[in-house]
Amino acid sequence: MSNEQEHIKRRLDEELSSLSFSGQERVLQQTHPTAPLARLRALWNKELEIPLKPLGALSALLIAGALILCYPQSGPPEHGARTLPVQGQRELIEAGGNTYWKDIYEQAVRSHEN
């Protein structure tokens, strides 16, 4: 096998012997700049790799967190804003053979009327 590989390498070297790389200086100047402006240009030309999966997951979490913080209640606004009277001031009423707190009963009646 090694004899065959050596033969292929020799043949490849013969075919490529006429080709020569002439851009060595230009490549070295781009990869190893010496002037400050060239260094700045090389820094600006640098490729950034941003992984999309973690970035997408992070943005989804941020959006979900913002929505949860902005809209903590999903019920009607009066449900959370309702203030209960002090325990001694609440009044019991009878309706339809059942006993209810008056403020809760009136709220239920209002919600059914609307």
# chains A, B, ... in the order shown; residues from 1 in each chain; ligands from 1
call {"tool": "residues_around", "arguments": {"residues": "Arg41 in chain A", "least_positions_apart": "6", "cutoff": "10 Å", "atoms": "only C-alpha atoms", "output": "ChimeraX atom specification"}}
result
/A:30,33,35
call {"tool": "residues_around", "arguments": {"residues": "Leu43 in chain A", "least_positions_apart": "5", "cutoff": "12 Å", "atoms": "only C-alpha atoms", "output": "list in words"}}
result
Gln30, Thr31, His32, Pro33, Pro36, Leu37, Ala38 and Leu48 of chain A
call {"tool": "select_by_dssp", "arguments": {"residues": "chain A", "states": "helix (DSSP H, G or I)", "output": "ChimeraX atom specification"}}
result
/A:2-16,24-31,36-44,52-70,77-81,87-89,102-113
call {"tool": "select_by_dssp", "arguments": {"residues": "chain A", "states": "strand (DSSP E)", "output": "PyMOL selection string"}}
result
chain A and resi 92-95+98-101
call {"tool": "write_last_selection", "arguments": {"atoms": "C-alpha atoms", "output": "short mmCIF file (atom, residue, chain, number, x, y, z; two decimals), in the first residue's frame"}}
result
data_model
loop_
_atom_site.label_atom_id
_atom_site.label_comp_id
_atom_site.auth_asym_id
_atom_site.auth_seq_id
_atom_site.Cartn_x
_atom_site.Cartn_y
_atom_site.Cartn_z
CA LEU A 92 -75.57 37.41 55.73
CA ILE A 93 -78.64 37.15 53.49
CA GLU A 94 -80.91 34.30 52.49
CA ALA A 95 -81.80 33.71 48.86
CA ASN A 98 -79.43 29.28 50.92
CA THR A 99 -77.35 31.68 53.01
CA TYR A 100 -74.78 33.96 51.32
CA TRP A 101 -72.55 36.87 52.24
#
call {"tool": "atom_distance", "arguments": {"atom1": "CA of Ser59 in chain A", "atom2": "CA of Tyr71 in chain A"}}
result
18.0 Å
call {"tool": "atom_distance", "arguments": {"atom1": "CA of Ser22 in chain A", "atom2": "CA of Leu40 in chain A"}}
result
25.6 Å
